[in-house]
>>> print(open('entry.txt').read())   # compact mmCIF, C-alpha atoms
# COMPACT_ATOMS: atom_id res chain seq x y z
CA MET A 1 111.44 105.75 108.28
CA LEU A 2 108.62 105.60 105.70
CA TYR A 3 110.87 103.75 103.24
CA GLU A 4 111.78 101.18 105.88
CA ILE A 5 108.16 100.59 106.83
CA VAL A 6 107.10 100.16 103.19
CA LEU A 7 109.96 97.71 102.65
CA ILE A 8 108.93 95.75 105.73
CA TYR A 9 105.38 95.41 104.45
CA LEU A 10 106.42 94.43 100.92
CA LEU A 11 108.94 91.80 102.04
CA THR A 12 106.61 90.43 104.69
CA GLY A 13 103.83 90.23 102.12
CA ALA A 14 106.08 88.29 99.73
CA LEU A 15 106.99 85.83 102.50
CA ALA A 16 103.33 85.54 103.52
CA GLY A 17 102.38 84.83 99.91
CA PHE A 18 105.05 82.15 99.65
CA VAL A 19 103.96 80.32 102.80
CA SER A 20 100.33 80.72 101.78
CA GLY A 21 101.07 79.02 98.48
CA LEU A 22 103.19 76.35 100.18
CA PHE A 23 101.09 75.51 103.25
CA GLY A 24 97.68 77.06 102.57
CA VAL A 25 97.84 78.96 105.89
CA GLY A 26 96.75 82.31 104.46
CA GLY A 27 99.89 84.06 105.68
CA ALA A 28 98.26 85.92 108.59
CA PHE A 29 100.73 84.38 111.05
CA THR A 30 103.51 86.05 109.07
CA MET A 31 101.81 89.40 108.60
CA ALA A 32 100.54 89.98 112.14
CA PRO A 33 104.01 90.21 113.78
CA ALA A 34 105.19 92.64 111.07
CA LEU A 35 102.15 94.83 111.72
CA ILE A 36 102.68 94.64 115.48
CA ILE A 37 106.21 95.95 114.90
CA GLY A 38 105.42 98.41 112.08
CA LEU A 39 102.29 100.12 113.39
CA PRO A 40 103.90 101.54 116.57
CA MET A 41 106.72 102.90 114.36
CA GLN A 42 104.00 104.87 112.58
CA GLY A 43 102.66 106.30 115.82
CA VAL A 44 99.59 104.08 116.17
CA PRO A 45 98.37 103.97 119.82
CA GLU A 46 99.20 100.71 121.60
CA ASP A 47 95.53 100.06 122.40
CA HIS A 48 94.72 99.72 118.68
CA VAL A 49 97.83 97.91 117.43
CA MET A 50 96.65 94.31 117.93
CA HIS A 51 93.17 94.82 116.54
CA LEU A 52 94.50 96.73 113.50
CA SER A 53 97.13 94.02 113.00
CA VAL A 54 94.63 91.17 112.98
CA GLY A 55 92.00 93.05 110.95
CA THR A 56 94.49 94.13 108.29
CA ALA A 57 96.15 90.70 108.14
CA LEU A 58 92.76 89.05 107.67
CA ALA A 59 91.90 91.37 104.78
CA VAL A 60 95.20 90.57 103.05
CA MET A 61 94.65 86.88 103.79
CA ALA A 62 91.34 87.00 101.95
CA THR A 63 92.99 88.47 98.84
CA THR A 64 96.03 86.20 98.86
CA SER A 65 94.14 83.00 99.65
CA ALA A 66 91.64 83.57 96.87
CA TYR A 67 94.53 83.94 94.44
CA VAL A 68 96.27 80.80 95.77
CA ALA A 69 93.00 78.86 95.52
CA ILE A 70 92.80 79.77 91.83
CA LEU A 71 96.40 78.62 91.30
CA ARG A 72 95.67 75.37 93.17
CA TYR A 73 92.54 74.78 91.12
CA ARG A 74 94.53 75.14 87.91
CA ALA A 75 97.09 72.66 89.28
CA GLY A 76 94.36 70.10 90.05
CA ASP A 77 94.80 70.22 93.84
CA LEU A 78 91.49 71.79 94.89
CA GLN A 79 88.88 69.25 95.98
CA MET A 80 85.58 71.13 95.82
CA PRO A 81 83.33 68.51 97.53
CA VAL A 82 85.31 68.59 100.78
CA THR A 83 85.72 72.37 100.57
CA TYR A 84 81.97 72.97 100.27
CA ARG A 85 81.26 70.96 103.41
CA PHE A 86 83.18 73.37 105.65
CA VAL A 87 81.75 76.63 104.28
CA PRO A 88 78.62 77.21 106.43
CA TYR A 89 80.35 76.29 109.68
CA ILE A 90 83.34 78.55 109.02
CA VAL A 91 81.11 81.54 108.20
CA ILE A 92 79.20 81.12 111.47
CA GLY A 93 82.39 80.90 113.52
CA ALA A 94 84.16 83.74 111.70
CA VAL A 95 81.40 86.32 112.03
CA GLY A 96 80.74 85.49 115.67
CA GLY A 97 84.42 85.40 116.58
CA SER A 98 85.29 88.70 114.91
CA LEU A 99 82.47 90.57 116.63
CA PHE A 100 83.44 89.08 119.98
CA GLY A 101 87.10 89.96 119.39
CA ASP A 102 86.27 93.68 119.39
CA PHE A 103 85.58 93.46 123.13
CA LEU A 104 88.86 91.72 124.06
CA PRO A 105 91.83 93.84 125.28
CA GLY A 106 94.79 93.87 122.91
CA ASP A 107 97.10 92.15 125.41
CA VAL A 108 94.62 89.30 125.90
CA LEU A 109 94.24 88.86 122.15
CA LYS A 110 98.03 88.80 121.77
CA ALA A 111 98.42 86.18 124.54
CA ILE A 112 95.78 83.95 122.95
CA PHE A 113 97.45 84.37 119.57
CA MET A 114 100.84 83.25 120.90
CA GLY A 115 99.39 80.41 122.95
CA PHE A 116 97.55 79.04 119.94
CA ILE A 117 100.77 78.98 117.90
CA ALA A 118 102.55 77.09 120.70
CA LEU A 119 99.71 74.54 120.89
CA THR A 120 99.81 74.00 117.13
CA ILE A 121 103.57 73.42 117.25
CA ALA A 122 103.16 70.86 120.06
CA ARG A 123 100.48 69.00 118.10
CA GLY A 124 102.68 68.98 115.01
CA ILE A 125 105.71 67.56 116.82
CA PHE A 126 103.74 64.54 118.03
CA TYR A 127 101.79 64.08 114.81
CA LYS A 128 101.93 60.57 113.32
CA GLY A 129 101.74 60.49 109.55
CA HIS A 130 99.02 58.70 107.61
CA GLU A 131 99.08 57.21 104.14
CA THR A 132 97.59 59.62 101.63
CA VAL A 133 95.32 58.79 98.69
CA ALA A 134 96.59 59.97 95.33
CA ALA A 135 93.13 60.72 93.90
CA GLY A 136 91.84 62.34 97.13
CA GLY A 137 91.18 61.52 100.77
CA ASP A 138 88.29 59.76 102.48
CA LEU A 139 85.37 62.16 101.92
CA ASP A 140 82.93 59.84 103.71
CA GLN A 141 84.72 60.57 106.99
CA VAL A 142 84.40 64.34 106.60
CA ARG A 143 81.00 64.68 108.23
CA GLY A 144 79.10 64.79 111.51
CA LEU A 145 80.33 66.29 114.77
CA GLY A 146 83.94 66.35 113.60
CA LEU A 147 83.06 68.47 110.56
CA TRP A 148 80.89 70.82 112.63
CA PHE A 149 83.48 71.22 115.39
CA HIS A 150 86.50 71.82 113.15
CA GLY A 151 84.57 74.15 110.85
CA VAL A 152 83.23 76.41 113.61
CA LEU A 153 86.54 76.30 115.52
CA THR A 154 88.36 77.34 112.36
CA GLY A 155 86.05 80.32 111.95
CA ILE A 156 86.36 81.42 115.57
CA THR A 157 90.14 81.06 115.88
CA GLY A 158 90.70 82.53 112.44
CA SER A 159 88.73 85.66 113.21
CA LEU A 160 90.21 86.15 116.68
CA LEU A 161 93.82 85.17 116.00
CA GLY A 162 94.40 85.35 112.27
CA PRO A 163 95.47 81.76 111.45
CA GLY A 164 94.23 80.19 108.24
CA PRO A 165 92.07 77.04 108.15
CA ALA A 166 95.19 74.91 107.62
CA ILE A 167 95.96 75.19 111.34
CA VAL A 168 92.76 73.46 112.47
CA ILE A 169 91.51 71.66 109.38
CA GLY A 170 94.94 70.46 108.23
CA PRO A 171 95.44 67.80 110.94
CA TYR A 172 91.78 66.77 110.60
CA LEU A 173 92.12 66.14 106.86
CA ARG A 174 95.53 64.49 107.22
CA LYS A 175 93.91 61.83 109.37
CA ARG A 176 91.48 61.28 106.53
CA ARG A 177 94.38 60.68 104.14
CA TYR A 178 94.41 63.91 102.15
CA SER A 179 97.78 64.97 100.73
CA MET A 180 99.46 68.23 101.74
CA PRO A 181 98.83 69.90 98.33
CA MET A 182 95.13 69.01 98.58
CA ILE A 183 94.96 70.28 102.15
CA ALA A 184 96.73 73.49 101.14
CA ALA A 185 94.25 73.96 98.29
CA THR A 186 91.19 73.41 100.49
CA ALA A 187 92.64 75.58 103.25
CA SER A 188 93.39 78.40 100.80
CA ALA A 189 89.87 78.43 99.40
CA LEU A 190 88.39 78.46 102.90
CA ALA A 191 90.91 81.05 104.10
CA GLY A 192 89.67 83.43 101.43
CA LEU A 193 86.13 83.06 102.72
CA LEU A 194 87.26 83.25 106.34
CA GLY A 195 89.40 86.32 105.74
CA PHE A 196 86.58 88.15 103.98
CA SER A 197 83.99 87.31 106.66
CA ALA A 198 86.25 88.07 109.61
CA ALA A 199 87.77 91.23 108.10
CA ALA A 200 84.25 92.55 107.52
CA GLY A 201 83.60 92.05 111.22
CA TYR A 202 86.76 93.94 112.19
CA ILE A 203 85.95 96.79 109.82
CA TYR A 204 82.48 97.10 111.29
CA GLY A 205 83.74 96.75 114.86
CA GLY A 206 86.23 99.59 114.45
CA PHE A 207 83.93 102.18 112.90
CA ASN A 208 83.29 104.03 116.17
CA GLU A 209 86.78 103.71 117.62
CA ILE A 210 88.66 106.92 118.47
CA GLY A 211 92.36 107.44 117.72
CA LEU A 212 92.70 105.21 114.66
CA PRO A 213 95.32 106.36 112.11
CA ASP A 214 94.43 108.13 108.88
CA PHE A 215 93.45 105.91 105.93
CA SER A 216 91.89 103.33 108.24
CA LEU A 217 88.59 101.63 107.51
CA GLY A 218 87.55 100.38 110.91
CA PHE A 219 90.31 98.04 112.06
CA LEU A 220 91.81 97.82 108.56
CA TYR A 221 94.83 100.04 107.90
CA GLY A 222 94.91 100.90 104.18
CA PRO A 223 98.63 101.60 103.54
CA ALA A 224 99.72 98.39 105.28
CA PHE A 225 97.07 96.41 103.43
CA ALA A 226 98.32 97.71 100.08
CA GLY A 227 101.98 96.94 100.77
CA LEU A 228 101.32 93.48 102.18
CA ALA A 229 98.86 92.52 99.43
CA ILE A 230 101.23 93.52 96.62
CA GLY A 231 104.05 91.48 98.14
CA ALA A 232 101.78 88.50 98.81
CA LEU A 233 100.46 88.31 95.26
CA VAL A 234 104.05 88.27 93.99
CA GLY A 235 105.20 85.53 96.38
CA SER A 236 102.23 83.14 96.15
CA PRO A 237 103.00 81.37 92.83
CA SER A 238 106.47 80.34 94.05
CA GLY A 239 105.00 78.63 97.11
CA VAL A 240 102.56 76.63 94.98
CA ARG A 241 105.34 75.49 92.62
CA VAL A 242 107.65 74.43 95.46
CA SER A 243 104.89 72.37 97.13
CA HIS A 244 104.76 70.05 94.11
CA HIS A 245 108.47 69.26 94.24
CA ILE A 246 109.02 68.24 97.87
CA PRO A 247 107.63 65.30 99.92
CA ASP A 248 104.63 65.63 102.23
CA VAL A 249 106.75 64.84 105.29
CA LEU A 250 109.18 67.65 104.52
CA ILE A 251 106.36 70.14 103.96
CA HIS A 252 104.95 69.19 107.36
CA ARG A 253 108.32 69.70 109.06
CA MET A 254 108.80 73.03 107.31
CA PHE A 255 105.35 74.08 108.50
CA ILE A 256 106.23 73.39 112.14
CA GLY A 257 109.51 75.28 111.71
CA TYR A 258 107.64 78.22 110.20
CA LEU A 259 105.31 78.39 113.19
CA ALA A 260 108.23 78.19 115.60
CA LEU A 261 109.88 81.15 113.86
CA ILE A 262 106.71 83.23 114.07
CA LEU A 263 106.35 82.44 117.79
CA PHE A 264 109.97 83.48 118.37
CA VAL A 265 109.39 86.80 116.60
CA MET A 266 106.26 87.42 118.65
CA ILE A 267 108.06 86.72 121.93
CA VAL A 268 111.16 88.80 121.19
CA TRP A 269 109.73 91.77 119.29
CA GLY A 270 106.01 91.68 119.98
CA HIS A 271 106.07 93.52 123.30
>>> encode(input="entry.txt", output="structure tokens")
Amino acid sequence: MLYEIVLIYLLTGALAGFVSGLFGVGGAFTMAPALIIGLPMQGVPEDHVMHLSVGTALAVMATTSAYVAILRYRAGDLQMPVTYRFVPYIVIGAVGGSLFGDFLPGDVLKAIFMGFIALTIARGIFYKGHETVAAGGDLDQVRGLGLWFHGVLTGITGSLLGPGPAIVIGPYLRKRRYSMPMIAATASALAGLLGFSAAAGYIYGGFNEIGLPDFSLGFLYGPAFAGLAIGALVGSPSGVRVSHHIPDVLIHRMFIGYLALILFVMIVWGH
């Protein structure tokens, strides 16, 4: 049983790293279902499974996304001016959302998580492509209420549900003519910040909880974090390389398919 659980975490981490490198999503969508399945197999009480899943996935997301951001920077994809603009708003949303999430029942958190994936898929299906700019998108349009709204919303949803900034910020930047590699780079850098801020909130929020498994730090489960992080760091470079060899339109379609697969797993095995 222990061998199977370790294998699940390593393979899931590798897949999460790959999609993080490819899409810039942080990989939390991939890791959370594996944790929801694996933690009960380890005897973790049902009441703590969802919070431990999200908290642990966010901590891994911070590690993986920071690594992907470095790889993207080396490849010339990371646009620092647009990245800097989102930082303060994401921090505000992430800290507030993670502290609020401690008071939500696990079933409610799970339902919101699944509903958000479905909404993202629906938006992606009806998305109309925009011409990208080779040297970067339209930075002048990344400002004002739109910047504030998408930044704070990214922080809140990321801390509550585990998705990376690519889910919210991706469509926003696509409309401003940023390419998918640039969006993935910006999303990865912000996902590292989001994951760190939100995971800190989950760790703090779980300090006084009773019945958490051994080797837990608040709502972060150490053994799962280690297995997922090792796998993710191995898989990330492949995702970055692949993203430079396929068209933007195909990456977008693959992204929607990836989300549909995660939703299917959550529906079938997440109960």
>>> closest_residue(input="entry.txt", among="A:Ile125, A:Leu52, A:Ile117, A:Val60", to="Gly13 in chain A", atoms="all atoms listed in the file")
A:Val60
>>> atom_distance(input="entry.txt", atom1="CA of Leu71 in chain A", atom2="CA of Ile251 in chain A")
18.2 Å
>>> atom_distance(input="entry.txt", atom1="CA of Gly201 in chain A", atom2="CA of Tyr89 in chain A")
16.2 Å
>>> atom_distance(input="entry.txt", atom1="CA of Val44 in chain A", atom2="CA of Asp214 in chain A")
9.8 Å
>>> residues_around(input="entry.txt", residues="Met182 in chain A", least_positions_apart="3", cutoff="6 Å", atoms="all atoms listed in the file", output="PyMOL selection string")
chain A and resi 77-78+179+185
>>> residues_around(input="entry.txt", residues="Ala198 in chain A", least_positions_apart="2", cutoff="7 Å", atoms="only C-alpha atoms", output="tab-separated table (two decimals) with C-alpha atoms, keeping the file's coordinate frame")
chain	number	residue	atom	x	y	z
A	58	LEU	CA	92.76	89.05	107.67
A	94	ALA	CA	84.16	83.74	111.70
A	95	VAL	CA	81.40	86.32	112.03
A	98	SER	CA	85.29	88.70	114.91
A	159	SER	CA	88.73	85.66	113.21
A	194	LEU	CA	87.26	83.25	106.34
A	195	GLY	CA	89.40	86.32	105.74
A	196	PHE	CA	86.58	88.15	103.98
A	200	ALA	CA	84.25	92.55	107.52
A	201	GLY	CA	83.60	92.05	111.22
A	202	TYR	CA	86.76	93.94	112.19
>>> closest_residue(input="entry.txt", among="A:Tyr67, A:Ala260, A:Ala184, A:Met266", to="Ala118 in chain A", atoms="only C-alpha atoms")
A:Ala260
>>> build_atoms(input="entry.txt", residues="range 45-61 of chain A", atoms="N, CA and C atoms", output="mmCIF file, in the coordinates of the input")
data_model
loop_
_atom_site.group_PDB
_atom_site.id
_atom_site.type_symbol
_atom_site.label_atom_id
_atom_site.label_comp_id
_atom_site.auth_asym_id
_atom_site.auth_seq_id
_atom_site.Cartn_x
_atom_site.Cartn_y
_atom_site.Cartn_z
ATOM 1 N N PRO A 45 98.495 104.226 118.378
ATOM 2 C CA PRO A 45 98.370 103.970 119.820
ATOM 3 C C PRO A 45 98.390 102.470 120.126
ATOM 4 N N GLU A 46 99.029 102.114 121.222
ATOM 5 C CA GLU A 46 99.200 100.710 121.600
ATOM 6 C C GLU A 46 97.861 99.987 121.722
ATOM 7 N N ASP A 47 96.833 100.689 122.185
ATOM 8 C CA ASP A 47 95.530 100.060 122.400
ATOM 9 C C ASP A 47 94.909 99.542 121.097
ATOM 10 N N HIS A 48 95.319 100.106 119.961
ATOM 11 C CA HIS A 48 94.720 99.720 118.680
ATOM 12 C C HIS A 48 95.623 98.817 117.846
ATOM 13 N N VAL A 49 96.857 98.620 118.267
ATOM 14 C CA VAL A 49 97.830 97.910 117.430
ATOM 15 C C VAL A 49 97.387 96.480 117.136
ATOM 16 N N MET A 50 96.975 95.720 118.150
ATOM 17 C CA MET A 50 96.650 94.310 117.930
ATOM 18 C C MET A 50 95.408 94.147 117.069
ATOM 19 N N HIS A 51 94.389 94.950 117.327
ATOM 20 C CA HIS A 51 93.170 94.820 116.540
ATOM 21 C C HIS A 51 93.390 95.241 115.078
ATOM 22 N N LEU A 52 94.162 96.321 114.865
ATOM 23 C CA LEU A 52 94.500 96.730 113.500
ATOM 24 C C LEU A 52 95.355 95.666 112.812
ATOM 25 N N SER A 53 96.256 95.046 113.566
ATOM 26 C CA SER A 53 97.130 94.020 113.000
ATOM 27 C C SER A 53 96.316 92.824 112.508
ATOM 28 N N VAL A 54 95.423 92.335 113.353
ATOM 29 C CA VAL A 54 94.630 91.170 112.980
ATOM 30 C C VAL A 54 93.645 91.523 111.858
ATOM 31 N N GLY A 55 92.965 92.669 111.975
ATOM 32 C CA GLY A 55 92.000 93.050 110.950
ATOM 33 C C GLY A 55 92.637 93.241 109.588
ATOM 34 N N THR A 56 93.795 93.905 109.547
ATOM 35 C CA THR A 56 94.490 94.130 108.290
ATOM 36 C C THR A 56 95.032 92.823 107.718
ATOM 37 N N ALA A 57 95.613 91.987 108.591
ATOM 38 C CA ALA A 57 96.150 90.700 108.140
ATOM 39 C C ALA A 57 95.044 89.820 107.564
ATOM 40 N N LEU A 58 93.875 89.846 108.176
ATOM 41 C CA LEU A 58 92.760 89.050 107.670
ATOM 42 C C LEU A 58 92.313 89.523 106.288
ATOM 43 N N ALA A 59 92.295 90.838 106.085
ATOM 44 C CA ALA A 59 91.900 91.370 104.780
ATOM 45 C C ALA A 59 92.891 90.961 103.696
ATOM 46 N N VAL A 60 94.183 91.020 104.010
ATOM 47 C CA VAL A 60 95.200 90.570 103.050
ATOM 48 C C VAL A 60 95.075 89.070 102.814
ATOM 49 N N MET A 61 94.802 88.328 103.894
ATOM 50 C CA MET A 61 94.650 86.880 103.790
ATOM 51 C C MET A 61 93.536 86.520 102.819
#
